[in-house]
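Following: one structure in structure tokens, then a few remarks.
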Amino acid sequence: MAQDRISVALVGFEEANSESLAAALTQKNQYGVVEVPKQLSAINGQALSLSAANDLILFRTEAGDLTDIDALEKIRGNASGKAQIAAVTDASASLEVAQKLTQAGADYVFPDTLGPEELVAQLQKRFVAERPQLAELKPARHAQILTVARARGGAGGTTFAVNLADALLDRRGTFKKKSTNRVAILDLDLQFGKVAGFLDVPTRDGLYQMAEDKVIPDKVFLEQSMSEAANGVRILSAPSQFAPLEAITSAQINAILTALSSDFDYVIVDVPMALVNWVAPIMTMSDKLYIVTDSAVPSIHQARRLIEFYTEDAPSLPIEIVINNEKKPLVRGRHHVEAAKVLERPLDIWLPQDVPTARAAIDRGVPLNEVSKRSPLTRAIRQVAKTVIQTQKSHATQMNA
Ligand SMILES: Nc1ncnc2c1ncn2[C@@H]1O[C@H](COP(=O)(O)OP(=O)(O)OP(=O)(O)O)[C@@H](O)[C@H]1O
Ligand SMILES: [Mg+2]
């Protein structure tokens, strides 16, 4: 489960080393990883946020680099930084260098002759085994992160995301006014995202500012950047201005998801179709990925390619296929059987087509449920939400048993 993961920031490693370390860590399923290619001393203020958002900062430093030692002292001087810090330095470094690093606040110092597997084994031994209290140090991670991707433009990803969020509120009581759950939507389809429009809230440019200013977002940023829809779902919208996708970093995405997950019960993420690096932290932190598609052959093949890309860093991420604009067939056609084979998973979720309801919902800027509670489309999405809520409840019961 994502919430049990230990988040590690890899700072200042050469690209190849960073990649092999990240691979060795994520293979252990126990870790979520962000990679920051710059040196510790070069990321200044961001280091503090990294220290707040992660459990461990593992940084590469050249023996005797005083600027890194300075930066380390600054991070340590900041009381809110909770991360453990480990340095990797030249094997030839003197004892004095190791001492300096420790004095400046490194919890561990490792020689760079350790291969990625050995290094991870060392971390496991010291960091994980010796610190069972780690779970208490971490912020109360809580939310289920449900990510929605689509196999082609217009497949219905946003419709599913917005209405799943609405249904997950699980409203009870007189006139169903009281929500059981706190739900957020994060619209990371930065260039074309329409979540705000679907729920008639103004777009905010927080994500654009974050990309521009290269800051690691914190709770204050989120409070200022989110809007609330009439149903109570909170939205971090895609910006109205054109934001270049490469401007966003994995560290930023990791920080947003970490912050949101301690404030909400469910976080729905609408992801772009673009194959960007920062998809990796989304997938490693997600509890489930829905791929919305139709059952036409090209869409299914595209879905398959996407699954391969998305699961590269998150091999055990549960994925569910959502066939949109088709009601569940009584007898599956041959192309359905073929599609399930290509995707190597059953076609479990079917959303029937209902153009008048979908159209009216968009025009009015309200969830499908406001237009028609009984529409088969509304019901199908409500059923998905029910399954999510029930599965989580039974998981929680098992954990407490
Ligand atoms: N089951 C459905 N029945 C009828 N209309 C639908 C259905 N699902 C989606 N639509 C309509 O199809 C259009 C595209 O849907 P939506 O914006 O959700 O897709 P998307 O995959 O997010 O697209 P984009 O690539 O633009 O992000 C919208 O007008 C929506 O109302
Ligand atoms: Mg969309």
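In the structure tokens, each chain is lettered A, B, ... as it comes, each chain's residues begin at 1, and ligands are numbered from 1 in order of appearance.
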Kindly provide the residues of chain A that approach ligand 2 to within 12 Å, each paired with its closest atom pair and their distance in Å to one decimal, based on only C-alpha atoms and all ligand atoms, listed by chain and increasing number, as a Markdown table.
| residue | atom | partner | partner_atom_place_in_ligand_line | distance |
| --- | --- | --- | --- | --- |
| A:Val148 | CA | ligand 2 | 1 (Mg) | 9.4 |
| A:Ala149 | CA | ligand 2 | 1 (Mg) | 8.6 |
| A:Arg150 | CA | ligand 2 | 1 (Mg) | 8.0 |
| A:Ala151 | CA | ligand 2 | 1 (Mg) | 10.9 |
| A:Arg152 | CA | ligand 2 | 1 (Mg) | 9.8 |
| A:Gly153 | CA | ligand 2 | 1 (Mg) | 7.3 |
| A:Gly154 | CA | ligand 2 | 1 (Mg) | 6.7 |
| A:Ala155 | CA | ligand 2 | 1 (Mg) | 8.1 |
| A:Gly156 | CA | ligand 2 | 1 (Mg) | 6.7 |
| A:Gly157 | CA | ligand 2 | 1 (Mg) | 5.3 |
| A:Thr158 | CA | ligand 2 | 1 (Mg) | 4.1 |
| A:Thr159 | CA | ligand 2 | 1 (Mg) | 7.3 |
| A:Phe160 | CA | ligand 2 | 1 (Mg) | 9.1 |
| A:Ala161 | CA | ligand 2 | 1 (Mg) | 8.6 |
| A:Val162 | CA | ligand 2 | 1 (Mg) | 9.6 |
| A:Leu186 | CA | ligand 2 | 1 (Mg) | 11.8 |
| A:Asp187 | CA | ligand 2 | 1 (Mg) | 8.8 |
| A:Leu188 | CA | ligand 2 | 1 (Mg) | 9.7 |
| A:Asp189 | CA | ligand 2 | 1 (Mg) | 7.0 |
| A:Leu190 | CA | ligand 2 | 1 (Mg) | 10.1 |
| A:Gln191 | CA | ligand 2 | 1 (Mg) | 10.2 |
| A:Phe192 | CA | ligand 2 | 1 (Mg) | 7.1 |
| A:Gly193 | CA | ligand 2 | 1 (Mg) | 5.7 |
| A:Lys194 | CA | ligand 2 | 1 (Mg) | 6.0 |
| A:Val195 | CA | ligand 2 | 1 (Mg) | 7.3 |
| A:Ala196 | CA | ligand 2 | 1 (Mg) | 10.7 |
| A:Gly197 | CA | ligand 2 | 1 (Mg) | 10.6 |
| A:Phe198 | CA | ligand 2 | 1 (Mg) | 9.7 |
| A:Ser237 | CA | ligand 2 | 1 (Mg) | 11.9 |
| A:Ala238 | CA | ligand 2 | 1 (Mg) | 10.7 |
| A:Val269 | CA | ligand 2 | 1 (Mg) | 10.9 |
| A:Asp270 | CA | ligand 2 | 1 (Mg) | 7.2 |
| A:Val271 | CA | ligand 2 | 1 (Mg) | 8.2 |
| A:Pro272 | CA | ligand 2 | 1 (Mg) | 7.9 |
| A:Met273 | CA | ligand 2 | 1 (Mg) | 9.4 |
| A:Val292 | CA | ligand 2 | 1 (Mg) | 10.4 |
Restrict the selected residues to C-alpha atoms and save them as a PDB file, in the first residue's frame.
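Below is the file out.pdb, written as the result:
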ATOM      1  CA  VAL A 148      -7.367   8.109 -13.827  1.00  0.00           C
ATOM      2  CA  ALA A 149      -5.717   7.897 -17.246  1.00  0.00           C
ATOM      3  CA  ARG A 150      -7.271   7.627 -20.675  1.00  0.00           C
ATOM      4  CA  ALA A 151      -6.165   5.605 -23.658  1.00  0.00           C
ATOM      5  CA  ARG A 152      -7.162   8.296 -26.155  1.00  0.00           C
ATOM      6  CA  GLY A 153      -8.316  11.898 -26.081  1.00  0.00           C
ATOM      7  CA  GLY A 154     -12.005  12.195 -25.321  1.00  0.00           C
ATOM      8  CA  ALA A 155     -12.323   8.639 -23.986  1.00  0.00           C
ATOM      9  CA  GLY A 156     -14.090   9.947 -20.894  1.00  0.00           C
ATOM     10  CA  GLY A 157     -11.264  10.159 -18.340  1.00  0.00           C
ATOM     11  CA  THR A 158     -12.368  13.454 -16.844  1.00  0.00           C
ATOM     12  CA  THR A 159     -16.041  12.435 -16.765  1.00  0.00           C
ATOM     13  CA  PHE A 160     -15.065   9.330 -14.806  1.00  0.00           C
ATOM     14  CA  ALA A 161     -12.656  11.202 -12.485  1.00  0.00           C
ATOM     15  CA  VAL A 162     -15.076  14.007 -11.607  1.00  0.00           C
ATOM     16  CA  LEU A 186      -5.803  16.968  -8.712  1.00  0.00           C
ATOM     17  CA  ASP A 187      -5.975  17.979 -12.381  1.00  0.00           C
ATOM     18  CA  LEU A 188      -2.536  17.261 -13.743  1.00  0.00           C
ATOM     19  CA  ASP A 189      -3.685  17.366 -17.343  1.00  0.00           C
ATOM     20  CA  LEU A 190      -1.892  20.697 -17.178  1.00  0.00           C
ATOM     21  CA  GLN A 191      -2.417  21.870 -20.711  1.00  0.00           C
ATOM     22  CA  PHE A 192      -5.946  20.722 -21.441  1.00  0.00           C
ATOM     23  CA  GLY A 193      -7.385  19.911 -18.021  1.00  0.00           C
ATOM     24  CA  LYS A 194     -11.086  20.589 -17.710  1.00  0.00           C
ATOM     25  CA  VAL A 195     -11.944  19.424 -14.205  1.00  0.00           C
ATOM     26  CA  ALA A 196     -12.651  22.983 -13.012  1.00  0.00           C
ATOM     27  CA  GLY A 197     -15.046  23.511 -15.907  1.00  0.00           C
ATOM     28  CA  PHE A 198     -16.836  20.221 -15.221  1.00  0.00           C
ATOM     29  CA  SER A 237      -7.122  22.828 -11.146  1.00  0.00           C
ATOM     30  CA  ALA A 238      -4.973  22.835 -14.230  1.00  0.00           C
ATOM     31  CA  VAL A 269      -5.625  12.363 -10.035  1.00  0.00           C
ATOM     32  CA  ASP A 270      -6.470  13.184 -13.659  1.00  0.00           C
ATOM     33  CA  VAL A 271      -3.216  12.545 -15.551  1.00  0.00           C
ATOM     34  CA  PRO A 272      -2.157  13.765 -18.997  1.00  0.00           C
ATOM     35  CA  MET A 273      -1.553  11.378 -21.861  1.00  0.00           C
ATOM     36  CA  VAL A 292     -10.541   4.727 -19.371  1.00  0.00           C
TER      37      VAL A 292
END
Residue set, stretch 82-163 of chain A restricted to strand (DSSP E), as an NGL selection string = :A and (84-89 or 108-111 or 144-150)
task = as a list in words, list the residues of stretch 242-300 of chain A assigned to helix (DSSP H, G or I) by DSSP on the backbone atoms of this structure.
result = Leu245, Glu246, Ala247, Ser250, Ala251, Gln252, Ile253, Asn254, Ala255, Ile256, Leu257, Thr258, Ala259, Leu260, Ser261, Ser262, Asp263, Val279, Ala280, Pro281, Ile282, Met283, Thr284, Met285, Val297, Pro298, Ser299 and Ile300 of chain A
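Take atom CA of A:Ala339 and atom CA of A:Thr378: the distance between them is 24.7 Å.
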message = Here is a test: counting only C-alpha atoms, which residue of A:Leu289, A:Leu123, A:Ile6, A:Ile282 is nearest to A:Gly32?
response = A:Ile6
task = Find the residues near A:Ala167: any atom within 10 Å, counting only C-alpha atoms, skip ones fewer than 4 places away on the same chain, and give them as a PyMOL selection string.
result = chain A and resi 162-163+171+179+181+183+367-369+378-379+381-386
Find the residues near stretch 254-268 of chain A: any atom within 8 Å, counting only C-alpha atoms, skip ones fewer than 3 places away on the same chain, and give them as a short mmCIF file (atom, residue, chain, number, x, y, z; two decimals) with N, CA, C and O atoms, in the first residue's frame.
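Everything below was put into result.cif:
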data_model
loop_
_atom_site.label_atom_id
_atom_site.label_comp_id
_atom_site.auth_asym_id
_atom_site.auth_seq_id
_atom_site.Cartn_x
_atom_site.Cartn_y
_atom_site.Cartn_z
N VAL A 34 11.92 9.97 -5.15
CA VAL A 34 12.00 11.16 -6.00
C VAL A 34 13.46 11.39 -6.33
O VAL A 34 14.32 11.23 -5.46
N LEU A 50 12.07 19.26 0.86
CA LEU A 50 12.35 17.83 0.64
C LEU A 50 12.44 17.10 1.97
O LEU A 50 11.94 15.99 2.12
N ALA A 53 8.99 16.62 3.27
CA ALA A 53 8.09 15.74 2.53
C ALA A 53 8.57 14.29 2.44
O ALA A 53 7.85 13.43 2.01
N PRO A 139 4.03 11.77 8.47
CA PRO A 139 2.74 12.41 8.63
C PRO A 139 1.66 11.35 8.47
O PRO A 139 1.88 10.33 7.81
N ALA A 140 0.51 11.58 9.09
CA ALA A 140 -0.55 10.59 9.05
C ALA A 140 -1.04 10.44 7.62
O ALA A 140 -1.99 11.08 7.21
N ARG A 141 -0.36 9.65 6.84
CA ARG A 141 -0.81 9.43 5.46
C ARG A 141 -2.06 8.62 5.51
O ARG A 141 -2.20 7.67 6.24
N HIS A 142 -2.97 8.95 4.66
CA HIS A 142 -4.29 8.51 4.93
C HIS A 142 -5.05 8.23 3.63
O HIS A 142 -5.66 7.20 3.47
N ALA A 143 -4.99 9.18 2.70
CA ALA A 143 -5.86 9.08 1.53
C ALA A 143 -5.54 7.87 0.66
O ALA A 143 -4.40 7.43 0.57
N GLN A 144 -6.58 7.38 0.02
CA GLN A 144 -6.40 6.46 -1.09
C GLN A 144 -6.15 7.35 -2.30
O GLN A 144 -6.93 8.28 -2.54
N ILE A 145 -5.10 7.09 -3.04
CA ILE A 145 -4.84 7.88 -4.23
C ILE A 145 -5.28 7.06 -5.45
O ILE A 145 -4.75 5.96 -5.68
N LEU A 146 -6.28 7.57 -6.14
CA LEU A 146 -6.84 6.85 -7.29
C LEU A 146 -6.55 7.67 -8.55
O LEU A 146 -6.99 8.82 -8.66
N THR A 147 -5.79 7.10 -9.44
CA THR A 147 -5.36 7.85 -10.62
C THR A 147 -6.17 7.41 -11.84
O THR A 147 -6.44 6.22 -12.01
N VAL A 148 -6.56 8.39 -12.64
CA VAL A 148 -7.37 8.11 -13.83
C VAL A 148 -6.59 8.54 -15.08
O VAL A 148 -6.18 9.69 -15.19
N ALA A 161 -13.36 10.68 -13.66
CA ALA A 161 -12.66 11.20 -12.48
C ALA A 161 -13.57 12.09 -11.64
O ALA A 161 -13.68 11.93 -10.43
N ALA A 165 -15.20 11.10 -8.00
CA ALA A 165 -14.95 11.96 -6.83
C ALA A 165 -16.27 12.31 -6.15
O ALA A 165 -16.40 12.21 -4.92
N LEU A 168 -17.64 9.35 -4.31
CA LEU A 168 -16.85 8.97 -3.14
C LEU A 168 -17.14 9.85 -1.91
O LEU A 168 -16.79 9.49 -0.79
N ASN A 181 -16.94 11.43 3.34
CA ASN A 181 -15.50 11.48 3.04
C ASN A 181 -15.07 12.84 2.51
O ASN A 181 -15.86 13.55 1.89
N ARG A 182 -13.80 13.14 2.75
CA ARG A 182 -13.20 14.34 2.13
C ARG A 182 -12.51 13.90 0.84
O ARG A 182 -11.69 12.98 0.86
N VAL A 183 -12.86 14.58 -0.23
CA VAL A 183 -12.34 14.14 -1.53
C VAL A 183 -11.70 15.32 -2.27
O VAL A 183 -12.24 16.43 -2.27
N ALA A 184 -10.55 15.06 -2.88
CA ALA A 184 -9.88 16.09 -3.69
C ALA A 184 -9.62 15.56 -5.09
O ALA A 184 -9.45 14.35 -5.28
N ILE A 185 -9.64 16.48 -6.05
CA ILE A 185 -9.21 16.10 -7.40
C ILE A 185 -8.01 16.96 -7.76
O ILE A 185 -8.01 18.17 -7.57
N LEU A 186 -7.01 16.28 -8.28
CA LEU A 186 -5.80 16.97 -8.71
C LEU A 186 -5.77 16.87 -10.23
O LEU A 186 -5.65 15.77 -10.78
N ILE A 216 8.95 23.85 -4.11
CA ILE A 216 8.29 22.62 -3.67
C ILE A 216 7.04 23.06 -2.89
O ILE A 216 7.15 23.77 -1.91
N PRO A 217 5.87 22.66 -3.36
CA PRO A 217 4.65 23.14 -2.72
C PRO A 217 4.45 22.58 -1.32
O PRO A 217 4.89 21.47 -1.02
N ASP A 218 3.82 23.37 -0.47
CA ASP A 218 3.50 22.89 0.88
C ASP A 218 2.01 23.09 1.14
O ASP A 218 1.26 23.44 0.24
N LYS A 219 1.60 22.88 2.38
CA LYS A 219 0.16 22.97 2.68
C LYS A 219 -0.41 24.34 2.41
O LYS A 219 -1.55 24.47 1.98
N LEU A 222 -1.17 24.69 -1.12
CA LEU A 222 -2.37 23.95 -1.50
C LEU A 222 -3.63 24.69 -1.05
O LEU A 222 -4.59 24.79 -1.80
N SER A 250 9.41 15.79 -10.39
CA SER A 250 8.88 14.69 -9.58
C SER A 250 8.80 15.09 -8.12
O SER A 250 7.87 14.69 -7.41
N ALA A 251 9.77 15.90 -7.66
CA ALA A 251 9.76 16.30 -6.24
C ALA A 251 8.51 17.12 -5.94
O ALA A 251 7.90 16.99 -4.88
N PRO A 281 6.34 9.35 -9.90
CA PRO A 281 5.91 9.45 -8.50
C PRO A 281 4.39 9.30 -8.33
O PRO A 281 3.93 8.81 -7.30
N ILE A 282 3.63 9.70 -9.35
CA ILE A 282 2.16 9.52 -9.23
C ILE A 282 1.86 8.03 -9.12
O ILE A 282 1.10 7.59 -8.28
N MET A 285 2.94 6.35 -5.90
CA MET A 285 2.13 6.71 -4.73
C MET A 285 0.66 6.30 -4.86
O MET A 285 -0.09 6.35 -3.89
#
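Taking atom CA of A:Thr26 as the reference point, atom CA of A:Ala87 is found at 19.3 Å.
Distances to A:Lys125 were evaluated for A:Glu228, A:Tyr108, A:Ala380, A:Thr397 using only C-alpha atoms, and the minimum falls at A:Tyr108.
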task = Please provide as a list in words all residues within 12 Å of A:Ala23, with the sequence filter that same-chain residues fewer than 2 positions apart are discarded (counting only C-alpha atoms).
result = Leu10, Ala16, Asn17, Ser18, Glu19, Ser20, Leu21, Leu25, Thr26, Gln27, Lys28, Asn29, Gln30, Tyr31, Gly32, Val33, Val34, Glu35, Pro116, Glu117, Val120, Ala280, Thr284, Glu312, Asp313, Ala314 and Pro315 of chain A
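The list of residues with at least one atom within 12 Å of A:Thr89, based on only C-alpha atoms and without residues fewer than 3 positions apart in the same chain, reads Gly12, Phe13, Leu58, Phe59, Arg60, Thr61, Glu62, Ala63, Gly64, Asp65, Asp68, Ile69, Ala86, Ser92, Ala93, Ser94, Leu95, Val97, Ala98, Lys100, Leu101, Ala106, Tyr108, Val109, Phe110, Pro111, Asp112, Thr113 and Leu114 of chain A.
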Given the selection you just returned, output its residues as a file containing N, CA and C atoms, formatted as a PDB file, in the first residue's frame.
ATOM      1  N   GLY A  12      21.524  14.705  -6.094  1.00  0.00           N
ATOM      2  CA  GLY A  12      22.885  14.969  -6.549  1.00  0.00           C
ATOM      3  C   GLY A  12      23.641  13.780  -7.120  1.00  0.00           C
ATOM      4  N   PHE A  13      22.920  12.687  -7.448  1.00  0.00           N
ATOM      5  CA  PHE A  13      23.622  11.572  -8.079  1.00  0.00           C
ATOM      6  C   PHE A  13      23.689  11.777  -9.579  1.00  0.00           C
ATOM      7  N   LEU A  58      18.903  10.909   0.573  1.00  0.00           N
ATOM      8  CA  LEU A  58      20.179  10.250   0.313  1.00  0.00           C
ATOM      9  C   LEU A  58      20.893  11.133  -0.692  1.00  0.00           C
ATOM     10  N   PHE A  59      22.030  11.722  -0.273  1.00  0.00           N
ATOM     11  CA  PHE A  59      22.669  12.642  -1.216  1.00  0.00           C
ATOM     12  C   PHE A  59      24.113  12.275  -1.505  1.00  0.00           C
ATOM     13  N   ARG A  60      24.527  12.598  -2.720  1.00  0.00           N
ATOM     14  CA  ARG A  60      25.893  12.320  -3.165  1.00  0.00           C
ATOM     15  C   ARG A  60      26.690  13.587  -2.956  1.00  0.00           C
ATOM     16  N   THR A  61      27.854  13.440  -2.323  1.00  0.00           N
ATOM     17  CA  THR A  61      28.702  14.619  -2.159  1.00  0.00           C
ATOM     18  C   THR A  61      30.152  14.238  -2.406  1.00  0.00           C
ATOM     19  N   GLU A  62      30.883  15.160  -3.021  1.00  0.00           N
ATOM     20  CA  GLU A  62      32.312  14.931  -3.218  1.00  0.00           C
ATOM     21  C   GLU A  62      32.977  15.141  -1.866  1.00  0.00           C
ATOM     22  N   ALA A  63      33.951  14.290  -1.554  1.00  0.00           N
ATOM     23  CA  ALA A  63      34.601  14.404  -0.247  1.00  0.00           C
ATOM     24  C   ALA A  63      35.085  15.835  -0.031  1.00  0.00           C
ATOM     25  N   GLY A  64      34.739  16.393   1.093  1.00  0.00           N
ATOM     26  CA  GLY A  64      35.269  17.708   1.450  1.00  0.00           C
ATOM     27  C   GLY A  64      34.546  18.868   0.802  1.00  0.00           C
ATOM     28  N   ASP A  65      33.424  18.632   0.123  1.00  0.00           N
ATOM     29  CA  ASP A  65      32.685  19.744  -0.465  1.00  0.00           C
ATOM     30  C   ASP A  65      31.982  20.531   0.648  1.00  0.00           C
ATOM     31  N   ASP A  68      28.150  21.602   0.425  1.00  0.00           N
ATOM     32  CA  ASP A  68      27.154  20.577   0.796  1.00  0.00           C
ATOM     33  C   ASP A  68      27.056  20.470   2.316  1.00  0.00           C
ATOM     34  N   ILE A  69      28.190  20.583   2.976  1.00  0.00           N
ATOM     35  CA  ILE A  69      28.190  20.476   4.443  1.00  0.00           C
ATOM     36  C   ILE A  69      27.388  21.634   5.042  1.00  0.00           C
ATOM     37  N   ALA A  86      21.248  10.652   4.732  1.00  0.00           N
ATOM     38  CA  ALA A  86      22.426   9.803   4.540  1.00  0.00           C
ATOM     39  C   ALA A  86      23.258  10.370   3.402  1.00  0.00           C
ATOM     40  N   SER A  92      37.481   7.072  -0.903  1.00  0.00           N
ATOM     41  CA  SER A  92      38.803   7.485  -0.438  1.00  0.00           C
ATOM     42  C   SER A  92      38.730   8.602   0.608  1.00  0.00           C
ATOM     43  N   ALA A  93      37.520   9.066   0.917  1.00  0.00           N
ATOM     44  CA  ALA A  93      37.394  10.190   1.849  1.00  0.00           C
ATOM     45  C   ALA A  93      37.989   9.833   3.212  1.00  0.00           C
ATOM     46  N   SER A  94      38.587  10.831   3.831  1.00  0.00           N
ATOM     47  CA  SER A  94      39.218  10.574   5.118  1.00  0.00           C
ATOM     48  C   SER A  94      38.167  10.469   6.220  1.00  0.00           C
ATOM     49  N   LEU A  95      38.619   9.977   7.338  1.00  0.00           N
ATOM     50  CA  LEU A  95      37.747   9.867   8.498  1.00  0.00           C
ATOM     51  C   LEU A  95      37.224  11.249   8.884  1.00  0.00           C
ATOM     52  N   VAL A  97      36.528  13.723   6.960  1.00  0.00           N
ATOM     53  CA  VAL A  97      35.400  14.117   6.107  1.00  0.00           C
ATOM     54  C   VAL A  97      34.113  13.471   6.616  1.00  0.00           C
ATOM     55  N   ALA A  98      34.207  12.185   6.916  1.00  0.00           N
ATOM     56  CA  ALA A  98      33.025  11.468   7.417  1.00  0.00           C
ATOM     57  C   ALA A  98      32.545  12.112   8.716  1.00  0.00           C
ATOM     58  N   LYS A 100      32.969  15.217   9.629  1.00  0.00           N
ATOM     59  CA  LYS A 100      32.369  16.527   9.321  1.00  0.00           C
ATOM     60  C   LYS A 100      30.920  16.359   8.884  1.00  0.00           C
ATOM     61  N   LEU A 101      30.717  15.351   8.029  1.00  0.00           N
ATOM     62  CA  LEU A 101      29.353  15.108   7.541  1.00  0.00           C
ATOM     63  C   LEU A 101      28.432  14.720   8.695  1.00  0.00           C
ATOM     64  N   ALA A 106      24.507  14.444   9.122  1.00  0.00           N
ATOM     65  CA  ALA A 106      24.194  13.205   8.387  1.00  0.00           C
ATOM     66  C   ALA A 106      24.014  12.067   9.385  1.00  0.00           C
ATOM     67  N   TYR A 108      23.929   8.902   8.465  1.00  0.00           N
ATOM     68  CA  TYR A 108      24.809   7.842   7.993  1.00  0.00           C
ATOM     69  C   TYR A 108      25.696   8.387   6.880  1.00  0.00           C
ATOM     70  N   VAL A 109      26.902   7.804   6.785  1.00  0.00           N
ATOM     71  CA  VAL A 109      27.772   8.135   5.657  1.00  0.00           C
ATOM     72  C   VAL A 109      28.196   6.825   5.004  1.00  0.00           C
ATOM     73  N   PHE A 110      27.964   6.726   3.698  1.00  0.00           N
ATOM     74  CA  PHE A 110      28.310   5.496   2.983  1.00  0.00           C
ATOM     75  C   PHE A 110      29.363   5.779   1.911  1.00  0.00           C
ATOM     76  N   PRO A 111      30.264   4.804   1.659  1.00  0.00           N
ATOM     77  CA  PRO A 111      31.236   4.987   0.576  1.00  0.00           C
ATOM     78  C   PRO A 111      30.586   4.738  -0.788  1.00  0.00           C
ATOM     79  N   ASP A 112      31.068   5.442  -1.815  1.00  0.00           N
ATOM     80  CA  ASP A 112      30.442   5.301  -3.130  1.00  0.00           C
ATOM     81  C   ASP A 112      30.834   4.012  -3.848  1.00  0.00           C
ATOM     82  N   THR A 113      31.627   3.178  -3.180  1.00  0.00           N
ATOM     83  CA  THR A 113      31.963   1.890  -3.809  1.00  0.00           C
ATOM     84  C   THR A 113      30.833   0.879  -3.632  1.00  0.00           C
ATOM     85  N   LEU A 114      29.892   1.177  -2.759  1.00  0.00           N
ATOM     86  CA  LEU A 114      28.752   0.258  -2.604  1.00  0.00           C
ATOM     87  C   LEU A 114      27.893   0.314  -3.867  1.00  0.00           C
TER      88      LEU A 114
END
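Note that atom CA of A:Ala47 and atom CA of A:Gln103 are 18.1 Å apart.
Proximity ranking of A:Leu164, A:Met210, A:Ile307, A:Val331 relative to A:Val233 places A:Leu164 first, based on only C-alpha atoms.
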query = Within 12 Å of A:Glu370, counting only C-alpha atoms, which residues qualify if same-chain residues fewer than 5 places away don't, as a list in words?
reply = Asn163, Asp166, Ala167, Lys176, Leu199, Ala230, Asn231, Thr357, Ala358, Ala360, Ala361, Ile362, Arg364, Gly365, Ser375 and Thr378 of chain A
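For the residues A:Lys288, A:Lys393, A:Lys177, A:Lys328, ranking by smallest atom-to-atom distance to ligand 1 using only C-alpha atoms and all ligand atoms places A:Lys328 first.
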